[in-house]
>>> print(open('entry.txt').read())   # compact mmCIF, C-alpha atoms
# COMPACT_ATOMS: atom_id res chain seq x y z
CA MET S 1 -68.64 35.31 -40.33
CA HIS S 2 -70.21 35.50 -36.88
CA GLU S 3 -73.64 34.37 -38.06
CA MET S 4 -73.60 31.30 -35.79
CA GLY S 5 -73.12 33.46 -32.69
CA ILE S 6 -75.97 35.67 -33.85
CA ALA S 7 -78.19 32.65 -34.57
CA LEU S 8 -77.55 31.33 -31.03
CA GLN S 9 -78.41 34.75 -29.60
CA ILE S 10 -81.66 34.78 -31.59
CA VAL S 11 -82.57 31.34 -30.23
CA ASP S 12 -81.87 32.58 -26.68
CA ILE S 13 -83.97 35.71 -27.04
CA ALA S 14 -86.83 33.91 -28.82
CA THR S 15 -86.91 31.12 -26.24
CA ALA S 16 -86.94 33.63 -23.39
CA SER S 17 -89.78 35.52 -25.09
CA ILE S 18 -92.23 32.60 -24.97
CA PRO S 19 -94.77 33.56 -22.30
CA PRO S 20 -94.29 31.07 -19.43
CA ASN S 21 -98.05 30.43 -19.18
CA LEU S 22 -98.09 28.91 -22.68
CA GLY S 23 -96.14 25.90 -21.45
CA ASP S 24 -94.54 23.53 -23.92
CA VAL S 25 -95.11 25.25 -27.27
CA ARG S 26 -93.25 25.37 -30.54
CA VAL S 27 -92.07 28.57 -32.23
CA ALA S 28 -93.06 28.48 -35.91
CA LYS S 29 -91.52 31.75 -37.05
CA VAL S 30 -89.04 34.36 -35.94
CA ASN S 31 -89.42 37.76 -37.59
CA LEU S 32 -86.10 39.55 -37.84
CA LYS S 33 -85.13 42.97 -39.22
CA VAL S 34 -81.65 43.24 -40.68
CA GLY S 35 -80.26 46.52 -41.99
CA LYS S 36 -78.17 46.43 -45.15
CA LEU S 37 -75.25 47.91 -43.20
CA ALA S 38 -75.28 45.17 -40.57
CA ALA S 39 -72.39 42.76 -40.95
CA VAL S 40 -74.73 39.83 -41.51
CA VAL S 41 -75.32 37.66 -44.57
CA PRO S 42 -79.01 36.59 -44.55
CA ASP S 43 -78.40 33.23 -46.28
CA SER S 44 -75.62 32.29 -43.85
CA LEU S 45 -77.77 33.38 -40.94
CA ARG S 46 -80.70 31.23 -42.15
CA PHE S 47 -78.40 28.22 -42.42
CA CYS S 48 -76.90 28.78 -38.96
CA PHE S 49 -80.38 29.33 -37.53
CA SER S 50 -81.55 25.95 -38.86
CA VAL S 51 -78.64 24.31 -37.02
CA ALA S 52 -78.86 26.42 -33.85
CA THR S 53 -82.55 25.65 -33.34
CA LYS S 54 -82.09 21.87 -33.13
CA ASP S 55 -83.53 20.46 -29.89
CA THR S 56 -84.97 23.82 -28.85
CA PRO S 57 -88.59 25.10 -28.90
CA LEU S 58 -87.58 26.70 -32.23
CA ASP S 59 -86.75 23.42 -33.96
CA GLY S 60 -87.97 23.68 -37.54
CA ALA S 61 -88.95 27.34 -37.19
CA GLU S 62 -88.70 29.68 -40.14
CA LEU S 63 -86.45 32.70 -39.89
CA VAL S 64 -88.16 35.53 -41.74
CA ILE S 65 -85.64 38.24 -42.53
CA GLU S 66 -86.82 41.68 -43.56
CA GLU S 67 -83.89 43.57 -45.05
CA LEU S 68 -83.96 47.31 -44.41
CA PRO S 69 -82.31 49.82 -46.75
CA VAL S 70 -79.66 52.27 -45.64
CA LEU S 71 -81.60 55.49 -45.19
CA ALA S 72 -79.69 58.73 -44.56
CA ARG S 73 -80.64 62.30 -43.75
CA CYS S 74 -78.33 65.25 -44.32
CA LYS S 75 -77.76 67.23 -41.13
CA GLU S 76 -77.13 70.40 -43.17
CA CYS S 77 -80.00 70.51 -45.66
CA SER S 78 -82.31 67.73 -44.38
CA THR S 79 -82.32 65.86 -47.71
CA GLN S 80 -83.34 62.27 -47.11
CA TRP S 81 -82.26 59.45 -49.43
CA THR S 82 -81.47 55.75 -49.69
CA ILE S 83 -77.79 54.89 -49.92
CA THR S 84 -77.20 52.16 -52.48
CA ASN S 85 -73.49 52.71 -53.16
CA PRO S 86 -70.91 53.13 -50.40
CA VAL S 87 -70.95 56.90 -50.79
CA PHE S 88 -72.00 58.68 -47.61
CA GLN S 89 -72.32 62.20 -48.92
CA CYS S 90 -75.37 64.38 -49.45
CA GLN S 91 -76.46 64.40 -53.09
CA THR S 92 -77.89 67.89 -52.74
CA CYS S 93 -75.29 69.88 -50.81
CA ASN S 94 -72.29 67.49 -50.73
CA SER S 95 -72.14 67.59 -46.96
CA GLY S 96 -70.69 64.53 -45.28
CA SER S 97 -72.48 65.28 -42.05
CA LEU S 98 -75.35 62.85 -42.09
CA GLU S 99 -77.52 60.81 -39.86
CA ILE S 100 -78.13 57.14 -40.62
CA LEU S 101 -81.87 56.66 -40.06
CA SER S 102 -81.93 52.95 -40.82
CA GLY S 103 -79.64 50.22 -42.06
CA ARG S 104 -77.85 49.20 -38.86
CA GLU S 105 -80.73 47.07 -37.50
CA LEU S 106 -80.35 43.55 -36.20
CA ASP S 107 -83.59 43.30 -34.27
CA ILE S 108 -86.02 40.54 -33.41
CA GLU S 109 -89.45 41.99 -34.08
CA SER S 110 -91.61 39.09 -32.98
CA ILE S 111 -91.98 35.36 -32.68
CA GLU S 112 -94.95 33.31 -33.84
CA ILE S 113 -96.14 30.37 -31.78
CA ALA S 114 -97.50 27.34 -33.63
CA GLU S 115 -101.02 26.29 -32.65
CA GLU S 116 -101.72 22.71 -31.51
CA ASP S 117 -99.12 21.17 -33.79
CA LYS S 118 -96.28 20.66 -31.42
CA ASN S 119 -96.16 16.95 -32.18
CA ASP S 120 -95.44 17.25 -35.86
CA SER S 121 -92.40 19.45 -35.61
CA GLY S 122 -89.45 18.35 -37.69
CA MET M 123 -60.25 29.46 -17.82
CA ILE M 124 -56.80 28.51 -19.01
CA LEU M 125 -54.23 31.01 -17.89
CA ASP M 126 -50.64 30.47 -18.94
CA ASN M 127 -47.79 32.83 -18.47
CA THR M 128 -46.23 32.69 -21.89
CA ALA M 129 -44.19 35.84 -21.72
CA LYS M 130 -43.12 38.36 -19.15
CA GLY M 131 -46.11 40.19 -17.77
CA GLN M 132 -48.36 38.53 -20.29
CA LYS M 133 -51.41 36.40 -19.73
CA TYR M 134 -52.98 34.04 -22.19
CA TYR M 135 -56.35 32.41 -22.14
CA HIS M 136 -59.03 31.01 -24.32
CA HIS M 137 -62.17 32.89 -25.08
CA LYS M 138 -64.29 29.73 -25.13
CA ASP M 139 -63.66 29.36 -21.40
CA PHE M 140 -65.64 32.49 -20.71
CA PRO M 141 -69.29 32.13 -19.89
CA HIS M 142 -71.56 33.77 -22.41
CA ASN M 143 -73.99 36.25 -21.04
CA HIS M 144 -77.08 34.34 -21.92
CA HIS M 145 -79.96 35.43 -19.83
CA SER M 146 -83.63 34.89 -19.57
CA HIS M 147 -86.14 37.57 -20.32
CA ALA M 148 -89.36 35.71 -19.75
CA ASP M 149 -90.58 38.68 -17.70
CA ASP M 150 -90.42 40.94 -20.74
CA SER M 151 -92.74 38.75 -22.72
CA ALA M 152 -96.04 39.99 -21.35
CA SER M 153 -96.21 42.07 -24.52
CA ALA M 154 -98.91 42.06 -27.18
CA ILE M 155 -100.05 38.72 -28.54
CA SER M 156 -101.99 38.69 -31.79
CA VAL M 157 -103.41 35.83 -33.83
CA GLN M 158 -102.01 35.61 -37.39
CA LYS M 159 -103.87 34.45 -40.51
CA SER M 160 -101.70 31.34 -40.60
CA GLY M 161 -103.14 30.38 -37.21
CA THR M 162 -99.99 31.20 -35.29
CA ARG M 163 -99.97 33.59 -32.36
CA GLU M 164 -97.54 36.45 -32.83
CA ILE M 165 -95.70 37.70 -29.76
CA LYS M 166 -93.97 41.06 -30.01
CA VAL M 167 -90.36 40.94 -28.91
CA VAL M 168 -88.62 44.04 -30.37
CA ARG M 169 -85.13 43.49 -29.05
CA ARG M 170 -81.72 44.08 -30.53
CA VAL M 171 -80.05 40.73 -31.09
CA LEU M 172 -76.76 42.12 -29.81
CA ASP M 173 -78.22 43.89 -26.78
CA VAL M 174 -76.40 41.57 -24.38
CA ASN M 175 -73.11 42.65 -25.93
CA GLU M 176 -74.18 46.29 -25.91
CA LYS M 177 -75.05 46.18 -22.20
CA MET M 178 -71.72 44.54 -21.40
CA ALA M 179 -69.92 47.18 -23.49
CA GLU M 180 -71.60 49.92 -21.47
CA GLU M 181 -70.44 48.26 -18.26
CA ASN M 182 -66.90 48.09 -19.63
CA ARG M 183 -67.10 51.75 -20.59
CA LYS M 184 -68.13 52.65 -17.05
CA LEU M 185 -65.31 50.58 -15.56
CA PHE M 186 -62.74 52.20 -17.84
CA ALA M 187 -64.08 55.68 -17.03
CA GLU M 188 -63.93 55.01 -13.28
CA ASN M 189 -60.29 53.98 -13.65
CA GLY M 190 -59.36 56.82 -15.99
CA VAL M 191 -58.39 54.52 -18.85
CA PHE M 192 -58.60 55.58 -22.49
CA VAL M 193 -59.45 52.56 -24.64
CA LEU M 194 -58.49 52.36 -28.30
CA ASN M 195 -59.92 49.56 -30.47
CA VAL M 196 -57.58 48.89 -33.41
CA MET M 197 -59.03 46.97 -36.33
CA SER M 198 -57.78 45.97 -39.76
CA SER M 199 -57.57 43.18 -42.28
CA PRO M 200 -54.97 40.48 -41.61
CA GLY M 201 -51.46 41.45 -42.64
CA SER M 202 -51.96 45.20 -42.77
CA GLY M 203 -49.28 45.74 -40.12
CA LYS M 204 -51.35 46.14 -36.94
CA THR M 205 -48.82 44.59 -34.61
CA THR M 206 -45.80 46.46 -36.02
CA THR M 207 -47.77 49.72 -35.94
CA LEU M 208 -48.68 49.08 -32.30
CA GLU M 209 -45.11 48.13 -31.36
CA LYS M 210 -43.88 51.46 -32.72
CA THR M 211 -46.84 53.36 -31.26
CA LEU M 212 -46.23 51.89 -27.80
CA ALA M 213 -42.55 52.83 -27.92
CA LYS M 214 -43.52 56.44 -28.61
CA ILE M 215 -46.42 56.70 -26.19
CA LEU M 216 -45.09 54.70 -23.23
CA PRO M 217 -42.81 57.37 -21.81
CA GLU M 218 -45.83 59.58 -21.23
CA TYR M 219 -48.74 57.21 -20.69
CA LYS M 220 -48.80 53.88 -18.92
CA SER M 221 -50.19 51.51 -21.49
CA ALA M 222 -51.44 47.95 -21.74
CA VAL M 223 -52.57 45.83 -24.66
CA ILE M 224 -55.25 43.20 -25.19
CA VAL M 225 -54.50 41.16 -28.31
CA GLY M 226 -57.14 39.08 -30.04
CA ASP M 227 -56.13 36.30 -32.39
CA ILE M 228 -57.81 33.13 -33.47
CA CYS M 229 -54.69 31.26 -32.34
CA THR M 230 -50.98 31.63 -31.43
CA THR M 231 -49.39 34.12 -29.02
CA HIS M 232 -46.99 35.54 -31.64
CA ASP M 233 -48.44 39.05 -31.59
CA ALA M 234 -48.51 39.18 -27.80
CA ASP M 235 -44.89 38.00 -27.64
CA ARG M 236 -43.87 40.83 -29.95
CA LEU M 237 -45.84 43.48 -28.06
CA ALA M 238 -44.63 42.29 -24.65
CA ILE M 239 -41.10 43.38 -25.61
CA SER M 240 -42.29 46.99 -25.21
CA GLY M 241 -42.58 46.33 -21.48
CA ALA M 242 -46.32 47.04 -21.45
CA PRO M 243 -48.54 44.36 -19.89
CA VAL M 244 -50.11 42.27 -22.65
CA VAL M 245 -53.13 39.98 -22.43
CA GLN M 246 -53.51 37.56 -25.30
CA ILE M 247 -56.94 36.24 -26.15
CA ASN M 248 -57.25 33.27 -28.45
CA THR M 249 -60.78 32.99 -29.75
CA ASP M 250 -60.16 29.34 -30.63
CA GLU M 251 -57.32 27.16 -31.84
CA PHE M 252 -59.03 26.01 -35.03
CA GLY M 253 -61.43 28.55 -36.37
CA GLY M 254 -62.99 30.44 -33.53
CA ASP M 255 -64.53 33.83 -33.36
CA CYS M 256 -63.79 36.48 -35.89
CA HIS M 257 -64.00 39.39 -33.47
CA LEU M 258 -63.62 40.34 -29.81
CA ALA M 259 -66.91 40.80 -27.97
CA ALA M 260 -67.52 42.94 -24.88
CA HIS M 261 -67.58 40.06 -22.38
CA VAL M 262 -64.15 38.91 -23.60
CA ILE M 263 -62.72 42.37 -22.99
CA ASP M 264 -64.32 42.41 -19.54
CA LYS M 265 -62.53 39.16 -18.61
CA ALA M 266 -59.25 40.22 -20.17
CA ALA M 267 -59.35 43.59 -18.37
CA GLY M 268 -59.70 41.62 -15.14
CA GLY M 269 -56.11 40.49 -15.67
CA LEU M 270 -54.87 44.08 -15.75
CA ASP M 271 -54.38 46.67 -13.02
CA LEU M 272 -56.67 49.27 -14.59
CA ALA M 273 -55.99 51.86 -11.89
CA ASP M 274 -52.38 51.88 -13.04
CA ILE M 275 -53.14 52.24 -16.78
CA ASP M 276 -53.80 55.37 -18.85
CA LEU M 277 -54.12 53.78 -22.26
CA LEU M 278 -55.51 50.37 -23.13
CA ILE M 279 -55.02 49.32 -26.73
CA VAL M 280 -57.16 46.47 -28.01
CA GLU M 281 -55.70 44.79 -31.08
CA ASN M 282 -58.80 43.18 -32.54
CA VAL M 283 -58.87 40.03 -34.66
CA GLY M 284 -57.69 40.79 -38.21
CA ASN M 285 -60.99 41.15 -40.05
CA LEU M 286 -62.75 44.11 -41.67
CA VAL M 287 -66.27 42.74 -41.26
CA CYS M 288 -67.31 41.46 -37.84
CA PRO M 289 -65.34 43.58 -35.34
CA ALA M 290 -67.14 46.67 -36.65
CA GLU M 291 -70.42 45.26 -35.36
CA PHE M 292 -69.29 44.68 -31.77
CA ASP M 293 -69.01 47.51 -29.28
CA ILE M 294 -66.44 46.56 -26.62
CA GLY M 295 -66.72 49.70 -24.48
CA GLU M 296 -63.92 51.55 -26.25
CA ASP M 297 -63.51 55.32 -26.48
CA SER M 298 -62.23 55.37 -30.01
CA ARG M 299 -61.84 53.03 -32.97
CA VAL M 300 -59.21 53.22 -35.64
CA VAL M 301 -58.75 51.13 -38.75
CA ILE M 302 -55.44 50.26 -40.39
CA LEU M 303 -55.22 49.47 -44.08
CA SER M 304 -52.06 49.07 -46.12
CA VAL M 305 -50.98 49.99 -49.62
CA THR M 306 -50.52 46.32 -50.50
CA GLU M 307 -54.30 45.90 -50.37
CA GLY M 308 -56.85 47.16 -52.88
CA GLU M 309 -57.56 50.90 -52.99
CA ASP M 310 -61.26 50.16 -52.77
CA LYS M 311 -61.18 48.38 -49.38
CA PRO M 312 -63.22 51.20 -47.77
CA ALA M 313 -65.98 50.79 -50.36
CA LYS M 314 -66.00 47.03 -49.85
CA TYR M 315 -66.19 47.29 -46.05
CA PRO M 316 -68.17 50.50 -45.51
CA LEU M 317 -69.38 49.68 -42.00
CA MET M 318 -65.81 49.40 -40.70
CA PHE M 319 -64.83 52.74 -42.20
CA ARG M 320 -68.04 54.38 -40.99
CA GLU M 321 -67.56 53.12 -37.46
CA CYS M 322 -63.92 54.18 -37.08
CA GLU M 323 -62.76 57.65 -36.14
CA ALA M 324 -59.45 57.64 -38.00
CA ALA M 325 -57.65 55.53 -40.60
CA LEU M 326 -53.97 54.65 -40.81
CA LEU M 327 -52.69 53.93 -44.30
CA ASN M 328 -49.64 51.76 -43.65
CA LYS M 329 -46.60 50.57 -45.61
CA ILE M 330 -46.18 53.80 -47.58
CA ASP M 331 -42.45 53.00 -47.83
CA LEU M 332 -43.47 50.39 -50.42
CA LEU M 333 -45.27 52.88 -52.70
CA PRO M 334 -42.34 53.26 -55.16
CA TYR M 335 -42.56 49.52 -55.89
CA LEU M 336 -46.34 49.30 -56.32
CA ASP M 337 -49.00 50.48 -58.76
CA TYR M 338 -51.09 51.57 -55.79
CA ASP M 339 -53.05 54.80 -56.28
CA LYS M 340 -52.86 56.36 -52.81
CA ASP M 341 -55.06 59.35 -53.69
CA LYS M 342 -57.74 56.99 -54.96
CA ALA M 343 -57.61 55.06 -51.66
CA VAL M 344 -58.00 58.27 -49.64
CA GLU M 345 -60.85 59.29 -51.94
CA TYR M 346 -62.63 55.98 -51.22
CA ILE M 347 -62.14 56.50 -47.49
CA HIS M 348 -63.69 59.95 -47.71
CA GLN M 349 -66.60 58.73 -49.82
CA VAL M 350 -67.52 56.35 -47.03
CA HIS M 351 -66.51 58.64 -44.17
CA PRO M 352 -66.13 62.28 -45.22
CA ASP M 353 -63.54 64.24 -43.20
CA MET M 354 -62.07 61.09 -41.63
CA PRO M 355 -58.46 61.78 -40.59
CA VAL M 356 -56.11 59.58 -42.63
CA PHE M 357 -52.56 59.10 -41.35
CA GLU M 358 -50.14 57.89 -43.99
CA ILE M 359 -47.49 55.90 -42.18
CA SER M 360 -44.80 53.30 -42.52
CA ALA M 361 -44.60 51.17 -39.39
CA ARG M 362 -41.27 49.85 -40.70
CA THR M 363 -39.50 53.19 -41.21
CA GLU M 364 -41.72 55.16 -38.78
CA GLU M 365 -42.36 57.71 -41.50
CA GLY M 366 -45.49 59.78 -40.83
CA PHE M 367 -45.86 58.69 -37.21
CA GLU M 368 -45.77 62.19 -35.72
CA PRO M 369 -49.30 63.33 -36.70
CA TRP M 370 -50.73 59.96 -35.67
CA ILE M 371 -49.07 60.02 -32.24
CA GLU M 372 -50.13 63.64 -31.82
CA TRP M 373 -53.74 62.70 -32.62
CA LEU M 374 -53.62 59.82 -30.14
CA HIS M 375 -52.12 62.06 -27.43
CA LYS M 376 -54.92 64.56 -27.97
CA LYS M 377 -57.57 61.83 -27.68
CA ILE M 378 -56.06 60.45 -24.47
CA LYS M 379 -55.73 63.93 -22.96
CA GLU M 380 -59.36 64.73 -23.78
CA LYS M 381 -60.41 61.84 -21.59
CA ILE M 382 -57.92 61.56 -18.78
CA GLY M 383 -56.32 65.01 -18.78
>>> encode(input="entry.txt", output="C-alpha cells")
Amino acid sequence: MHEMGIALQIVDIATASIPPNLGDVRVAKVNLKVGKLAAVVPDSLRFCFSVATKDTPLDGAELVIEELPVLARCKECSTQWTITNPVFQCQTCNSGSLEILSGRELDIESIEIAEEDKNDSG
Amino acid sequence: MILDNTAKGQKYYHHKDFPHNHHSHADDSASAISVQKSGTREIKVVRRVLDVNEKMAEENRKLFAENGVFVLNVMSSPGSGKTTTLEKTLAKILPEYKSAVIVGDICTTHDADRLAISGAPVVQINTDEFGGDCHLAAHVIDKAAGGLDLADIDLLIVENVGNLVCPAEFDIGEDSRVVILSVTEGEDKPAKYPLMFRECEAALLNKIDLLPYLDYDKDKAVEYIHQVHPDMPVFEISARTEEGFEPWIEWLHKKIKEKIG
C-alpha cells in the first residue's frame, strides 16, 4: 500500500547515486533486492516506479526486482531452512528461537547508466 | 503546517505539510563502476531504501531516551478496537504514569476526540483527507512529538493507522510494539500478516465478550499467533467490559518500569 512512497525513495537514492562527473546521463536499470517478508508487492512497486520516474534521470528505466526467500536459522540447534509457510518454528527441534537471515530486505543494489542513448529515452 | 486546536489539549495537523527527509548522497557514489554486457555501466549503491526513515527513527529513539519517555506503538486492522482499548488503558495507567497519545488516521479527528477525554495530551495526525499514507513514518512522529512536552511525559502511546501491512515496515523510534486483533476477524489473521505478528512484542485479542455469539475458535487464533511468533504473550481482553485488562496493564507497567524506573 505504500509502494508509491517506496518508489519515490528509490528514485531519490538512485538519482543521488549518479556520479556527478558523469553529467547528464540516463539511468537504464535499477537493481533492487526485496525480501519475501517485506511489506512490498513487486508488481505494484514496478507500476509506481514507472510513474515516479517521469521527468527524472530514471525516466523509462527498468526496475529489476530480485525476490529473496525467507531464510531462518535455529538459535538452539543451528538448523537452517527456507520458510515458505508462515510458521516460524524449527523443523528439527521445535524451538521458536530463530534468527531471520534473509527475507526482510528492501535494498538498492546498483543502478545501471545507459551509454550514449540519452536522447532516445521514452 | 496546519495546526488547529480541535479539542482540549489536542493538536491536529496534516502529515503532507511535513517536509520529507530527502537528501542527496552524491558523495557516496564513488563506489565501483563496472561495464555490463548490455553496454550499461553498473554503479554499486547498496543502500536500504528505508534508511532515511531508519535514521530518523534512531534520532527519535535518542530523543525519547533523553527525556525518559517509554514509547508504545499500537497497531491493528481497522475496527479491532484500538481506540477503546487505549481509552481504557489510559484510564488505568494515568494515575501512575503521565501519558500522551499520538493518533494516526487517514482523516477525521474522531479518535483523538475520544482519547482527549482521558485528560492526556493528544496529537492527531491525518495522513491525508482522501487516501493518504497507510502508516506513520518516523519523521511524522518527530514532528508530532514536537507538539508535546516530552520532559513531562512517562508514556507515549502511538495509535498507528489501522492496517496490518505497512506500519510493520516502519520503525518510528518506539520501545515496544503491540498488535491488537479482535474475535470478529478471521482466526488466521496472524498467518496472513506474518510480518506484523513477527515485529510485535505482544498481542491483544479483543472483544472476547462477544465469543458466546460467534463461531470464532479462540484457541486456533492463539495457535496461529504462536506459529508466527512462538512464545508471544497474548492478552485476551474485552475493551468494552474491561475483562482481562489486569495482565495487560501489568505487562505494560513492567515494560515502562524497565525503561524509566
>>> atom_distance(input="entry.txt", atom1="CA of Glu99 in chain S", atom2="CA of Leu326 in chain M")
24.4 Å
>>> closest_atom_pairs(input="entry.txt", of="chain S", to="chain M", cutoff="7 Å", atoms="only C-alpha atoms", output="tab-separated table")
residue	atom	partner	partner_atom	distance
S:Met1	CA	M:Cys256	CA	6.7
S:His2	CA	M:Cys256	CA	6.6
S:Gln9	CA	M:Val171	CA	6.4
S:Ile10	CA	M:Val171	CA	6.2
S:Asp12	CA	M:His144	CA	7.0
S:Ala16	CA	M:Ala148	CA	4.8
S:Ser17	CA	M:Ser151	CA	5.0
S:Ile18	CA	M:Ser151	CA	6.6
S:Pro19	CA	M:Ser151	CA	5.6
S:Pro20	CA	M:Ala148	CA	6.8
S:Leu37	CA	M:Leu317	CA	6.2
S:Ala39	CA	M:Cys288	CA	6.1
S:Pro86	CA	M:Ala313	CA	5.5
S:Val87	CA	M:Gln349	CA	4.8
S:Phe88	CA	M:Val350	CA	5.1
S:Gln89	CA	M:Gln349	CA	6.8
S:Gly96	CA	M:Pro352	CA	5.1
S:Leu106	CA	M:Val171	CA	5.8
S:Asp107	CA	M:Arg170	CA	4.3
S:Ile108	CA	M:Val168	CA	5.3
S:Glu109	CA	M:Val168	CA	4.3
S:Ser110	CA	M:Lys166	CA	4.3
S:Ile111	CA	M:Ile165	CA	5.3
S:Glu112	CA	M:Glu164	CA	4.2
S:Ile113	CA	M:Arg163	CA	5.0
S:Ala114	CA	M:Thr162	CA	4.9
S:Glu115	CA	M:Thr162	CA	5.7
>>> residues_around(input="entry.txt", residues="range 185-190 of chain M", least_positions_apart="2", cutoff="8 Å", atoms="only C-alpha atoms", output="ChimeraX atom specification")
/M:181-183,192-193,272-273,275-276,381-382
>>> atom_distance(input="entry.txt", atom1="CA of Pro217 in chain M", atom2="CA of Val244 in chain M")
16.8 Å
>>> residues_near_point(input="entry.txt", point="(-83.3, 26.8, -32.2)", cutoff="10 Å", atoms="all atoms listed in the file", output="PyMOL selection string")
chain S and resi 7-12+14-15+27+48-61
>>> atom_distance(input="entry.txt", atom1="CA of Ile371 in chain M", atom2="CA of Asp339 in chain M")
24.9 Å
>>> residues_around(input="entry.txt", residues="range 293-298 of chain M", least_positions_apart="3", cutoff="8 Å", atoms="all atoms listed in the file", output="list of chain:residue names")
M:Asn175, M:Glu176, M:Met178, M:Ala179, M:Glu180, M:Glu181, M:Asn182, M:Arg183, M:Phe192, M:Val193, M:Leu194, M:Asn195, M:Leu258, M:Ala259, M:Ala260, M:His261, M:Ile263, M:Ala290, M:Cys322, M:Glu323
>>> residues_around(input="entry.txt", residues="Tyr219 in chain M", least_positions_apart="2", cutoff="12 Å", atoms="only C-alpha atoms", output="VMD selection string")
chain M and resid 190 to 192 211 to 217 221 to 222 242 274 to 279 371 374 to 375 378 to 379 382 to 383
>>> residues_around(input="entry.txt", residues="Val41 in chain S", least_positions_apart="3", cutoff="8 Å", atoms="only C-alpha atoms", output="CSV table (one decimal) with C-alpha atoms, in the coordinates of the input")
chain,number,residue,atom,x,y,z
S,3,GLU,CA,-73.6,34.4,-38.1
S,44,SER,CA,-75.6,32.3,-43.8
S,45,LEU,CA,-77.8,33.4,-40.9
